[in-house]
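Trainee: Got a structure for you, target.pdb, holding PDB, C-alpha atoms, pLDDT in the B column.
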ATOM      1  CA  MET A   1     -20.444 -19.947  19.395  1.00 50.00           C
ATOM      2  CA  ALA A   2     -17.315 -19.950  17.275  1.00 61.00           C
ATOM      3  CA  SER A   3     -19.408 -20.303  14.136  1.00 73.00           C
ATOM      4  CA  ARG A   4     -21.698 -17.423  15.226  1.00 73.00           C
ATOM      5  CA  ALA A   5     -18.631 -15.249  15.693  1.00 69.00           C
ATOM      6  CA  ARG A   6     -17.468 -16.303  12.240  1.00 71.00           C
ATOM      7  CA  VAL A   7     -20.799 -15.361  10.682  1.00 75.00           C
ATOM      8  CA  ALA A   8     -20.765 -11.974  12.447  1.00 72.00           C
ATOM      9  CA  ASN A   9     -17.233 -11.336  11.243  1.00 69.00           C
ATOM     10  CA  ASP A  10     -18.112 -12.326   7.689  1.00 74.00           C
ATOM     11  CA  LEU A  11     -21.059  -9.920   7.777  1.00 72.00           C
ATOM     12  CA  LEU A  12     -18.773  -7.145   8.981  1.00 67.00           C
ATOM     13  CA  VAL A  13     -16.333  -7.959   6.186  1.00 69.00           C
ATOM     14  CA  GLN A  14     -19.083  -7.655   3.572  1.00 73.00           C
ATOM     15  CA  LEU A  15     -20.268  -4.328   4.989  1.00 69.00           C
ATOM     16  CA  PHE A  16     -16.697  -3.068   5.133  1.00 66.00           C
ATOM     17  CA  LYS A  17     -16.111  -4.060   1.556  1.00 69.00           C
ATOM     18  CA  HIS A  18     -19.249  -2.634   0.009  1.00 69.00           C
ATOM     19  CA  VAL A  19     -20.555   0.224   2.192  1.00 69.00           C
ATOM     20  CA  PRO A  20     -18.017   3.077   2.295  1.00 66.00           C
ATOM     21  CA  TRP A  21     -19.280   4.770   5.484  1.00 68.00           C
ATOM     22  CA  VAL A  22     -18.876   1.552   7.458  1.00 69.00           C
ATOM     23  CA  ALA A  23     -15.142   1.685   6.845  1.00 70.00           C
ATOM     24  CA  SER A  24     -14.951   5.405   7.695  1.00 70.00           C
ATOM     25  CA  ARG A  25     -16.853   4.869  10.928  1.00 70.00           C
ATOM     26  CA  TRP A  26     -14.627   1.915  11.777  1.00 67.00           C
ATOM     27  CA  ALA A  27     -11.567   4.083  11.169  1.00 69.00           C
ATOM     28  CA  ARG A  28     -12.866   6.841  13.456  1.00 68.00           C
ATOM     29  CA  ARG A  29     -13.721   4.504  16.317  1.00 69.00           C
ATOM     30  CA  HIS A  30     -10.999   1.910  15.983  1.00 70.00           C
ATOM     31  CA  ARG A  31      -7.958   2.277  18.235  1.00 69.00           C
ATOM     32  CA  PHE A  32      -4.842   2.346  16.116  1.00 70.00           C
ATOM     33  CA  VAL A  33      -1.279   1.995  17.226  1.00 70.00           C
ATOM     34  CA  GLU A  34      -0.279   5.587  17.873  1.00 68.00           C
ATOM     35  CA  ALA A  35       3.470   5.637  18.131  1.00 68.00           C
ATOM     36  CA  PRO A  36       5.271   8.780  19.251  1.00 76.00           C
ATOM     37  CA  GLY A  37       7.010  10.863  16.618  1.00 92.00           C
ATOM     38  CA  ILE A  38       7.315  10.270  12.908  1.00 96.00           C
ATOM     39  CA  PRO A  39      10.364   8.518  11.439  1.00 97.00           C
ATOM     40  CA  TRP A  40      12.105  10.545   8.755  1.00 97.00           C
ATOM     41  CA  ALA A  41      14.742   9.674   6.169  1.00 98.00           C
ATOM     42  CA  PRO A  42      15.549  12.610   3.868  1.00 97.00           C
ATOM     43  CA  VAL A  43      15.440  12.119   0.102  1.00 97.00           C
ATOM     44  CA  ALA A  44      19.079  12.156  -0.966  1.00 94.00           C
ATOM     45  CA  LYS A  45      19.012  12.024  -4.769  1.00 96.00           C
ATOM     46  CA  PRO A  46      16.807  13.009  -7.709  1.00 97.00           C
ATOM     47  CA  LEU A  47      14.121  10.582  -8.927  1.00 98.00           C
ATOM     48  CA  SER A  48      16.030  10.004 -12.149  1.00 98.00           C
ATOM     49  CA  ALA A  49      18.890   8.522 -10.102  1.00 98.00           C
ATOM     50  CA  MET A  50      16.744   6.532  -7.648  1.00 98.00           C
ATOM     51  CA  THR A  51      16.090   2.813  -7.497  1.00 98.00           C
ATOM     52  CA  LEU A  52      12.486   2.566  -6.306  1.00 98.00           C
ATOM     53  CA  GLY A  53      11.035  -0.253  -4.245  1.00 98.00           C
ATOM     54  CA  LEU A  54       7.376  -1.269  -4.147  1.00 98.00           C
ATOM     55  CA  VAL A  55       5.416  -2.503  -1.136  1.00 98.00           C
ATOM     56  CA  THR A  56       1.711  -3.253  -1.123  1.00 98.00           C
ATOM     57  CA  THR A  57      -0.928  -4.357   1.374  1.00 96.00           C
ATOM     58  CA  ALA A  58      -3.331  -5.501  -1.345  1.00 96.00           C
ATOM     59  CA  GLY A  59      -2.884  -9.226  -0.616  1.00 95.00           C
ATOM     60  CA  ILE A  60      -1.026 -10.022  -3.852  1.00 97.00           C
ATOM     61  CA  HIS A  61       1.049 -13.210  -4.044  1.00 97.00           C
ATOM     62  CA  LEU A  62       2.417 -15.655  -6.579  1.00 98.00           C
ATOM     63  CA  LYS A  63      -0.019 -18.456  -7.344  1.00 97.00           C
ATOM     64  CA  ASP A  64       2.478 -21.022  -6.076  1.00 97.00           C
ATOM     65  CA  GLN A  65       2.926 -19.217  -2.738  1.00 98.00           C
ATOM     66  CA  ASP A  66       0.658 -19.784   0.265  1.00 96.00           C
ATOM     67  CA  PRO A  67      -2.259 -17.346   0.170  1.00 95.00           C
ATOM     68  CA  PHE A  68      -2.821 -14.993   3.116  1.00 95.00           C
ATOM     69  CA  ASP A  69      -4.828 -16.267   6.089  1.00 93.00           C
ATOM     70  CA  MET A  70      -8.420 -15.153   5.549  1.00 90.00           C
ATOM     71  CA  VAL A  71      -9.838 -17.085   8.518  1.00 90.00           C
ATOM     72  CA  ASP A  72      -8.087 -15.317  11.386  1.00 91.00           C
ATOM     73  CA  PRO A  73     -10.143 -12.134  12.141  1.00 87.00           C
ATOM     74  CA  ASP A  74      -6.895 -10.435  13.265  1.00 90.00           C
ATOM     75  CA  GLY A  75      -5.450 -10.855   9.781  1.00 91.00           C
ATOM     76  CA  ASP A  76      -2.085 -12.198   8.678  1.00 94.00           C
ATOM     77  CA  PRO A  77       1.147 -10.279   9.438  1.00 96.00           C
ATOM     78  CA  SER A  78       3.311 -12.309   7.054  1.00 97.00           C
ATOM     79  CA  PHE A  79       4.529 -11.072   3.679  1.00 98.00           C
ATOM     80  CA  ARG A  80       5.255 -12.541   0.268  1.00 98.00           C
ATOM     81  CA  VAL A  81       8.337 -11.809  -1.845  1.00 98.00           C
ATOM     82  CA  ILE A  82       7.398 -11.298  -5.492  1.00 98.00           C
ATOM     83  CA  PRO A  83       9.971 -10.761  -8.262  1.00 98.00           C
ATOM     84  CA  PHE A  84       9.218  -7.415  -9.917  1.00 98.00           C
ATOM     85  CA  ASP A  85       9.380  -9.129 -13.290  1.00 97.00           C
ATOM     86  CA  ALA A  86       6.956 -11.924 -12.343  1.00 97.00           C
ATOM     87  CA  ARG A  87       4.521 -12.727 -15.125  1.00 96.00           C
ATOM     88  CA  ARG A  88       1.065 -11.254 -14.643  1.00 95.00           C
ATOM     89  CA  GLU A  89      -0.566 -14.658 -15.043  1.00 96.00           C
ATOM     90  CA  ASP A  90       1.469 -15.963 -12.100  1.00 98.00           C
ATOM     91  CA  LEU A  91       0.014 -13.374  -9.681  1.00 97.00           C
ATOM     92  CA  ALA A  92      -3.104 -13.813  -7.552  1.00 96.00           C
ATOM     93  CA  ILE A  93      -4.923 -11.743  -4.929  1.00 96.00           C
ATOM     94  CA  THR A  94      -6.195 -13.279  -1.706  1.00 91.00           C
ATOM     95  CA  HIS A  95      -7.994 -10.600   0.309  1.00 90.00           C
ATOM     96  CA  LYS A  96     -11.625 -10.635   1.389  1.00 84.00           C
ATOM     97  CA  TYR A  97     -11.684  -7.146   2.913  1.00 85.00           C
ATOM     98  CA  TYR A  98     -11.890  -5.304  -0.400  1.00 90.00           C
ATOM     99  CA  ASP A  99     -13.443  -5.770  -3.800  1.00 92.00           C
ATOM    100  CA  HIS A 100     -10.500  -6.706  -6.018  1.00 94.00           C
ATOM    101  CA  SER A 101     -12.429  -7.297  -9.228  1.00 95.00           C
ATOM    102  CA  ALA A 102     -10.826  -4.214 -10.847  1.00 97.00           C
ATOM    103  CA  ALA A 103      -7.347  -5.291  -9.689  1.00 97.00           C
ATOM    104  CA  ASP A 104      -8.000  -8.787 -11.032  1.00 96.00           C
ATOM    105  CA  ARG A 105      -8.586  -7.201 -14.454  1.00 97.00           C
ATOM    106  CA  ASP A 106      -5.689  -4.743 -14.182  1.00 98.00           C
ATOM    107  CA  ILE A 107      -3.114  -5.242 -11.421  1.00 98.00           C
ATOM    108  CA  ASN A 108      -1.873  -1.653 -11.943  1.00 98.00           C
ATOM    109  CA  VAL A 109      -4.930  -0.426 -10.046  1.00 98.00           C
ATOM    110  CA  VAL A 110      -3.333  -1.637  -6.790  1.00 98.00           C
ATOM    111  CA  LEU A 111       0.296  -2.214  -7.799  1.00 98.00           C
ATOM    112  CA  PRO A 112       1.614  -0.008 -10.641  1.00 98.00           C
ATOM    113  CA  LEU A 113       4.001  -2.521 -12.221  1.00 98.00           C
ATOM    114  CA  ASP A 114       3.516  -1.388 -15.820  1.00 98.00           C
ATOM    115  CA  ARG A 115       3.444   2.315 -14.917  1.00 98.00           C
ATOM    116  CA  MET A 116       6.793   1.884 -13.098  1.00 98.00           C
ATOM    117  CA  ARG A 117       8.265   0.105 -16.116  1.00 98.00           C
ATOM    118  CA  GLU A 118       7.194   3.008 -18.328  1.00 98.00           C
ATOM    119  CA  LEU A 119       8.796   5.579 -16.033  1.00 98.00           C
ATOM    120  CA  ARG A 120      11.997   3.540 -16.019  1.00 98.00           C
ATOM    121  CA  ALA A 121      11.969   3.322 -19.812  1.00 98.00           C
ATOM    122  CA  GLU A 122      11.531   7.118 -19.979  1.00 98.00           C
ATOM    123  CA  ALA A 123      14.384   7.547 -17.447  1.00 98.00           C
ATOM    124  CA  ARG A 124      12.044   9.461 -15.115  1.00 98.00           C
ATOM    125  CA  ILE A 125      13.214   7.026 -12.431  1.00 98.00           C
ATOM    126  CA  GLY A 126      16.650   5.429 -12.238  1.00 98.00           C
ATOM    127  CA  GLY A 127      15.605   1.845 -11.622  1.00 98.00           C
ATOM    128  CA  ILE A 128      13.250  -0.558  -9.884  1.00 98.00           C
ATOM    129  CA  ALA A 129      14.159  -2.888  -7.016  1.00 98.00           C
ATOM    130  CA  ALA A 130      14.182  -6.562  -7.978  1.00 98.00           C
ATOM    131  CA  PHE A 131      11.471  -7.613  -5.506  1.00 98.00           C
ATOM    132  CA  VAL A 132       8.032  -6.396  -4.448  1.00 98.00           C
ATOM    133  CA  TYR A 133       6.979  -7.053  -0.843  1.00 98.00           C
ATOM    134  CA  SER A 134       3.335  -7.822  -0.312  1.00 98.00           C
ATOM    135  CA  PHE A 135       1.230  -7.812   2.863  1.00 97.00           C
ATOM    136  CA  MET A 136      -2.527  -8.114   3.276  1.00 92.00           C
ATOM    137  CA  GLY A 137      -3.309  -5.277   5.682  1.00 83.00           C
ATOM    138  CA  HIS A 138      -6.165  -5.328   8.203  1.00 83.00           C
ATOM    139  CA  ILE A 139      -3.799  -6.631  10.845  1.00 88.00           C
ATOM    140  CA  ASP A 140      -5.018  -6.399  14.414  1.00 89.00           C
ATOM    141  CA  GLY A 141      -4.675  -7.913  17.880  1.00 90.00           C
ATOM    142  CA  PRO A 142      -1.566  -9.973  18.646  1.00 91.00           C
ATOM    143  CA  HIS A 143      -0.433  -9.864  15.004  1.00 94.00           C
ATOM    144  CA  LEU A 144       0.337  -6.139  15.316  1.00 92.00           C
ATOM    145  CA  LYS A 145       3.331  -6.982  17.494  1.00 93.00           C
ATOM    146  CA  SER A 146       4.580  -9.547  14.939  1.00 94.00           C
ATOM    147  CA  LEU A 147       4.178  -6.967  12.179  1.00 95.00           C
ATOM    148  CA  MET A 148       5.925  -4.134  14.008  1.00 93.00           C
ATOM    149  CA  GLU A 149       8.723  -6.163  15.581  1.00 94.00           C
ATOM    150  CA  GLU A 150       9.347  -8.864  12.998  1.00 96.00           C
ATOM    151  CA  THR A 151       7.887  -8.758   9.498  1.00 97.00           C
ATOM    152  CA  ALA A 152       7.903  -5.002   8.777  1.00 97.00           C
ATOM    153  CA  PRO A 153      11.532  -4.512   9.955  1.00 97.00           C
ATOM    154  CA  GLU A 154      12.497  -7.636   7.968  1.00 98.00           C
ATOM    155  CA  VAL A 155      11.024  -6.111   4.805  1.00 98.00           C
ATOM    156  CA  ALA A 156      12.897  -2.891   5.530  1.00 98.00           C
ATOM    157  CA  ARG A 157      16.134  -4.895   5.747  1.00 98.00           C
ATOM    158  CA  LEU A 158      15.355  -6.693   2.491  1.00 98.00           C
ATOM    159  CA  LEU A 159      14.648  -3.393   0.723  1.00 98.00           C
ATOM    160  CA  LYS A 160      18.040  -2.125   1.911  1.00 98.00           C
ATOM    161  CA  ARG A 161      19.628  -5.292   0.546  1.00 98.00           C
ATOM    162  CA  ASP A 162      17.815  -4.725  -2.769  1.00 98.00           C
ATOM    163  CA  GLY A 163      19.321  -1.235  -2.989  1.00 98.00           C
ATOM    164  CA  ALA A 164      16.032   0.678  -2.782  1.00 98.00           C
ATOM    165  CA  ASP A 165      16.656   4.426  -2.483  1.00 98.00           C
ATOM    166  CA  ALA A 166      12.967   5.110  -1.800  1.00 98.00           C
ATOM    167  CA  VAL A 167       9.796   3.039  -1.489  1.00 98.00           C
ATOM    168  CA  VAL A 168       6.248   3.538  -2.792  1.00 98.00           C
ATOM    169  CA  LEU A 169       3.517   1.827  -0.734  1.00 98.00           C
ATOM    170  CA  THR A 170       0.084   1.066  -2.079  1.00 98.00           C
ATOM    171  CA  PRO A 171      -2.896  -0.069   0.024  1.00 95.00           C
ATOM    172  CA  ALA A 172      -5.899  -2.079  -1.044  1.00 91.00           C
TER     173      ALA A 172
ATOM    174  CA  MET B   1       0.150  -0.120   5.871  1.00 88.00           C
ATOM    175  CA  GLY B   2       1.312   2.989   7.718  1.00 93.00           C
ATOM    176  CA  LEU B   3       3.106   0.784  10.251  1.00 94.00           C
ATOM    177  CA  VAL B   4       5.066  -0.977   7.504  1.00 97.00           C
ATOM    178  CA  GLN B   5       5.884   2.412   6.000  1.00 98.00           C
ATOM    179  CA  ARG B   6       7.146   3.731   9.329  1.00 97.00           C
ATOM    180  CA  ALA B   7       9.344   0.642   9.777  1.00 97.00           C
ATOM    181  CA  ILE B   8      10.942   1.145   6.348  1.00 98.00           C
ATOM    182  CA  GLU B   9      11.524   4.858   6.930  1.00 98.00           C
ATOM    183  CA  ALA B  10      13.014   4.063  10.357  1.00 97.00           C
ATOM    184  CA  LYS B  11      15.629   1.925   8.575  1.00 97.00           C
ATOM    185  CA  GLY B  12      16.690   4.990   6.604  1.00 98.00           C
ATOM    186  CA  ILE B  13      14.735   4.608   3.349  1.00 98.00           C
ATOM    187  CA  PRO B  14      12.418   7.516   2.379  1.00 98.00           C
ATOM    188  CA  THR B  15       8.833   6.398   1.713  1.00 98.00           C
ATOM    189  CA  ILE B  16       5.603   7.663   0.152  1.00 98.00           C
ATOM    190  CA  SER B  17       2.245   5.923   0.490  1.00 98.00           C
ATOM    191  CA  ILE B  18      -1.102   6.288  -1.189  1.00 98.00           C
ATOM    192  CA  SER B  19      -3.907   6.540   1.381  1.00 97.00           C
ATOM    193  CA  LEU B  20      -7.595   5.799   0.865  1.00 96.00           C
ATOM    194  CA  LEU B  21      -8.553   6.346   4.520  1.00 93.00           C
ATOM    195  CA  LYS B  22      -7.480   9.736   5.788  1.00 93.00           C
ATOM    196  CA  GLU B  23      -8.710   9.050   9.333  1.00 92.00           C
ATOM    197  CA  VAL B  24      -6.352   6.094   9.630  1.00 91.00           C
ATOM    198  CA  THR B  25      -3.405   7.914   8.059  1.00 94.00           C
ATOM    199  CA  GLN B  26      -3.869  10.841  10.454  1.00 93.00           C
ATOM    200  CA  LYS B  27      -3.695   8.435  13.395  1.00 91.00           C
ATOM    201  CA  VAL B  28      -0.866   6.152  12.245  1.00 92.00           C
ATOM    202  CA  ARG B  29       1.168   9.128  10.955  1.00 95.00           C
ATOM    203  CA  PRO B  30       3.424   7.809   8.203  1.00 97.00           C
ATOM    204  CA  PRO B  31       6.120  10.286   7.090  1.00 98.00           C
ATOM    205  CA  ARG B  32       4.558  11.130   3.687  1.00 98.00           C
ATOM    206  CA  ALA B  33       1.205  10.286   2.112  1.00 97.00           C
ATOM    207  CA  LEU B  34      -0.936  11.113  -0.896  1.00 97.00           C
ATOM    208  CA  PHE B  35      -4.643  10.876  -0.045  1.00 97.00           C
ATOM    209  CA  LEU B  36      -7.326  10.095  -2.613  1.00 97.00           C
ATOM    210  CA  ARG B  37     -11.047   9.902  -1.860  1.00 96.00           C
ATOM    211  CA  TYR B  38     -11.318   6.719  -3.904  1.00 96.00           C
ATOM    212  CA  PRO B  39     -13.002   3.396  -3.083  1.00 94.00           C
ATOM    213  CA  PHE B  40     -11.029   0.513  -1.618  1.00 93.00           C
ATOM    214  CA  GLY B  41      -9.275  -1.522  -4.251  1.00 95.00           C
ATOM    215  CA  HIS B  42      -8.507   1.565  -6.371  1.00 97.00           C
ATOM    216  CA  PRO B  43      -5.459   3.397  -4.998  1.00 98.00           C
ATOM    217  CA  LEU B  44      -4.272   4.158  -8.561  1.00 98.00           C
ATOM    218  CA  GLY B  45      -7.721   4.597 -10.033  1.00 98.00           C
ATOM    219  CA  GLU B  46      -9.626   2.508 -12.524  1.00 98.00           C
ATOM    220  CA  ALA B  47      -8.702  -0.589 -14.517  1.00 98.00           C
ATOM    221  CA  SER B  48      -7.129   0.166 -17.913  1.00 98.00           C
ATOM    222  CA  ASN B  49      -7.052   3.931 -17.266  1.00 98.00           C
ATOM    223  CA  VAL B  50      -3.355   4.363 -17.978  1.00 98.00           C
ATOM    224  CA  LYS B  51      -3.371   8.176 -17.817  1.00 98.00           C
ATOM    225  CA  GLN B  52      -5.044   8.129 -14.425  1.00 98.00           C
ATOM    226  CA  GLN B  53      -2.690   5.499 -12.995  1.00 98.00           C
ATOM    227  CA  ARG B  54       0.333   7.333 -14.379  1.00 98.00           C
ATOM    228  CA  THR B  55      -0.782  10.702 -13.009  1.00 98.00           C
ATOM    229  CA  ILE B  56      -1.363   9.282  -9.546  1.00 98.00           C
ATOM    230  CA  LEU B  57       1.998   7.479  -9.515  1.00 98.00           C
ATOM    231  CA  LEU B  58       3.777  10.652 -10.684  1.00 98.00           C
ATOM    232  CA  ASP B  59       1.903  12.648  -8.024  1.00 97.00           C
ATOM    233  CA  ALA B  60       3.120  10.188  -5.397  1.00 98.00           C
ATOM    234  CA  LEU B  61       6.704  10.507  -6.644  1.00 97.00           C
ATOM    235  CA  SER B  62       6.422  14.305  -6.688  1.00 96.00           C
ATOM    236  CA  ALA B  63       5.139  14.164  -3.112  1.00 96.00           C
ATOM    237  CA  LEU B  64       8.117  12.021  -2.159  1.00 97.00           C
ATOM    238  CA  GLU B  65      10.437  14.799  -3.331  1.00 96.00           C
ATOM    239  CA  ALA B  66       8.313  17.763  -2.267  1.00 95.00           C
ATOM    240  CA  ILE B  67       7.266  16.916   1.290  1.00 95.00           C
ATOM    241  CA  THR B  68       9.692  18.318   3.843  1.00 94.00           C
ATOM    242  CA  VAL B  69       7.525  18.197   6.987  1.00 95.00           C
ATOM    243  CA  PRO B  70       7.111  14.685   8.479  1.00 96.00           C
ATOM    244  CA  GLY B  71       3.488  13.544   8.571  1.00 95.00           C
ATOM    245  CA  THR B  72       2.333  15.641   5.595  1.00 96.00           C
ATOM    246  CA  ILE B  73      -0.696  14.295   3.677  1.00 96.00           C
ATOM    247  CA  LEU B  74      -1.116  15.781   0.186  1.00 96.00           C
ATOM    248  CA  GLU B  75      -4.535  15.682  -1.491  1.00 95.00           C
ATOM    249  CA  PRO B  76      -4.674  16.129  -5.269  1.00 95.00           C
ATOM    250  CA  GLY B  77      -8.485  16.058  -5.017  1.00 94.00           C
ATOM    251  CA  TYR B  78      -9.312  14.053  -8.125  1.00 96.00           C
ATOM    252  CA  ALA B  79     -13.066  13.358  -7.998  1.00 95.00           C
ATOM    253  CA  TRP B  80     -13.778   9.652  -8.436  1.00 96.00           C
ATOM    254  CA  ARG B  81     -14.902   8.915 -12.015  1.00 94.00           C
ATOM    255  CA  ARG B  82     -15.424  12.638 -12.720  1.00 94.00           C
ATOM    256  CA  HIS B  83     -11.907  14.023 -13.045  1.00 96.00           C
ATOM    257  CA  ARG B  84     -10.594  13.826 -16.606  1.00 95.00           C
ATOM    258  CA  PHE B  85      -6.956  12.765 -16.773  1.00 96.00           C
ATOM    259  CA  GLU B  86      -5.155  14.220 -19.795  1.00 88.00           C
TER     260      GLU B  86
END
With the file now loaded, output its structure as structure tokens.

Mentor:
Amino acid sequence: MASRARVANDLLVQLFKHVPWVASRWARRHRFVEAPGIPWAPVAKPLSAMTLGLVTTAGIHLKDQDPFDMVDPDGDPSFRVIPFDARREDLAITHKYYDHSAADRDINVVLPLDRMRELRAEARIGGIAAFVYSFMGHIDGPHLKSLMEETAPEVARLLKRDGADAVVLTPA
Amino acid sequence: MGLVQRAIEAKGIPTISISLLKEVTQKVRPPRALFLRYPFGHPLGEASNVKQQRTILLDALSALEAITVPGTILEPGYAWRRHRFE
């Protein structure tokens, strides 16, 4: 029974990954956490004076870090801390819910590391936070509570520590 | 991703996200988002297309500064593989 459930889930994953309307239909029917209100922190300084942080849910991690859990159908609410200046060859993507062949060729497609460096060099932005925080997304079931009460607030605290004035988030 | 974004904003740091699924973004309601009708795995466009990636990142940063109403989703409307980025 467990293996049949696994096969059904794997089939769903493949459809999700390759057939766009499957994902749209899932999004329309799926129940999402609908919290009241919208948090708001006003932008306090110009971009040229801001240190920008990066957060992604594209499943990126350092090769020597544990990959994300691809077996649990409810996903993995943990995150990986990646130095912004990590070498490209030390990064890997573990994520079966999207086709990351383009990102494997050019990481900037999901995480704009080089584009951020260019903007910093041109002084369009003031600086870049020292660490990138990476999740895998597709978190459901009991892991939502861990994400909302533990790992996401922890990343927020770390970004504060890193001196991020604003944060850009990229999905998969 | 919207939940992580909300948690960061709630700690007092302004945030902007790129969204590839408008239905989800409308439900999770992050403070600011830039929506692109692009396939999964391509929030900043195509591999090696520097102009496209740069434009989308700059659009996101402009949205960060421009959006004043919480929950706003901006849509630059770049057609996938048809829009020419100069």

Trainee: Would you kindly report the residues of chain A within 7 Å of chain B, using all atoms listed in the file, as a short mmCIF file (atom, residue, chain, number, x, y, z; two decimals) with C-alpha atoms, keeping the file's coordinate frame?

Mentor:
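Final file, iface_13.cif:
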data_model
loop_
_atom_site.label_atom_id
_atom_site.label_comp_id
_atom_site.auth_asym_id
_atom_site.auth_seq_id
_atom_site.Cartn_x
_atom_site.Cartn_y
_atom_site.Cartn_z
CA ALA A 27 -11.57 4.08 11.17
CA ARG A 28 -12.87 6.84 13.46
CA PHE A 32 -4.84 2.35 16.12
CA VAL A 33 -1.28 2.00 17.23
CA GLU A 34 -0.28 5.59 17.87
CA ILE A 38 7.32 10.27 12.91
CA PRO A 39 10.36 8.52 11.44
CA TRP A 40 12.10 10.54 8.76
CA ALA A 41 14.74 9.67 6.17
CA PRO A 42 15.55 12.61 3.87
CA VAL A 43 15.44 12.12 0.10
CA THR A 57 -0.93 -4.36 1.37
CA TYR A 98 -11.89 -5.30 -0.40
CA ASP A 99 -13.44 -5.77 -3.80
CA HIS A 100 -10.50 -6.71 -6.02
CA ALA A 102 -10.83 -4.21 -10.85
CA ALA A 103 -7.35 -5.29 -9.69
CA ARG A 105 -8.59 -7.20 -14.45
CA ASP A 106 -5.69 -4.74 -14.18
CA VAL A 109 -4.93 -0.43 -10.05
CA VAL A 110 -3.33 -1.64 -6.79
CA ARG A 115 3.44 2.32 -14.92
CA GLY A 137 -3.31 -5.28 5.68
CA MET A 148 5.92 -4.13 14.01
CA ALA A 152 7.90 -5.00 8.78
CA PRO A 153 11.53 -4.51 9.96
CA ALA A 156 12.90 -2.89 5.53
CA ASP A 165 16.66 4.43 -2.48
CA ALA A 166 12.97 5.11 -1.80
CA VAL A 167 9.80 3.04 -1.49
CA VAL A 168 6.25 3.54 -2.79
CA LEU A 169 3.52 1.83 -0.73
CA THR A 170 0.08 1.07 -2.08
CA PRO A 171 -2.90 -0.07 0.02
CA ALA A 172 -5.90 -2.08 -1.04
#

Trainee: Using only C-alpha atoms, find the one residue out of A:Ala58, A:Ala44, A:Leu144, A:Leu159 that sits nearest to Ala92 (chain A).

Mentor: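 For Ala92 (chain A), the nearest of the candidates is A:Ala58.
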
Trainee: On this file, the PyMOL selection byres ((chain A and resi 63-68) around 9) gives some set of residues; write that set as a compact mmCIF listing (two decimals) with C-alpha atoms, keeping the file's coordinate frame.

Mentor:
# COMPACT_ATOMS: atom_id res chain seq x y z
CA GLY A 59 -2.88 -9.23 -0.62
CA ILE A 60 -1.03 -10.02 -3.85
CA HIS A 61 1.05 -13.21 -4.04
CA LEU A 62 2.42 -15.66 -6.58
CA ASP A 69 -4.83 -16.27 6.09
CA MET A 70 -8.42 -15.15 5.55
CA GLY A 75 -5.45 -10.86 9.78
CA ASP A 76 -2.08 -12.20 8.68
CA PRO A 77 1.15 -10.28 9.44
CA SER A 78 3.31 -12.31 7.05
CA PHE A 79 4.53 -11.07 3.68
CA ARG A 80 5.26 -12.54 0.27
CA GLU A 89 -0.57 -14.66 -15.04
CA ASP A 90 1.47 -15.96 -12.10
CA LEU A 91 0.01 -13.37 -9.68
CA ALA A 92 -3.10 -13.81 -7.55
CA ILE A 93 -4.92 -11.74 -4.93
CA THR A 94 -6.20 -13.28 -1.71
CA HIS A 95 -7.99 -10.60 0.31
CA PHE A 135 1.23 -7.81 2.86
CA MET A 136 -2.53 -8.11 3.28

Trainee: Would you mind reading off the distance between CA of Ser48 (chain A) and CA of Leu113 (chain A), one decimal, in Å?

Mentor: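 Going from CA of Ser48 (chain A) over to CA of Leu113 (chain A), I get 17.4 Å.
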
Trainee: Run through the PyMOL selection byres ((chain A and resi 50) around 8) on the given coordinates and return the selected residues as JSON, numbers by chain.

Mentor: {"A": [45, 46, 47, 48, 49, 51, 52, 125, 126, 127, 164, 165, 166]}

Trainee: Residues of the last selection are to be written out with C-alpha atoms, as a short mmCIF file (atom, residue, chain, number, x, y, z; two decimals), in the coordinates of the input.

Mentor:
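Resulting contents of part_20.cif:
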data_model
loop_
_atom_site.label_atom_id
_atom_site.label_comp_id
_atom_site.auth_asym_id
_atom_site.auth_seq_id
_atom_site.Cartn_x
_atom_site.Cartn_y
_atom_site.Cartn_z
CA LYS A 45 19.01 12.02 -4.77
CA PRO A 46 16.81 13.01 -7.71
CA LEU A 47 14.12 10.58 -8.93
CA SER A 48 16.03 10.00 -12.15
CA ALA A 49 18.89 8.52 -10.10
CA THR A 51 16.09 2.81 -7.50
CA LEU A 52 12.49 2.57 -6.31
CA ILE A 125 13.21 7.03 -12.43
CA GLY A 126 16.65 5.43 -12.24
CA GLY A 127 15.60 1.84 -11.62
CA ALA A 164 16.03 0.68 -2.78
CA ASP A 165 16.66 4.43 -2.48
CA ALA A 166 12.97 5.11 -1.80
#

Trainee: Work out how far CA of Asp85 (chain A) is from CA of Val55 (chain A), in Å to one decimal.

Mentor: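 Interatomic distance, CA of Val55 (chain A) to CA of Asp85 (chain A): 14.4 Å.
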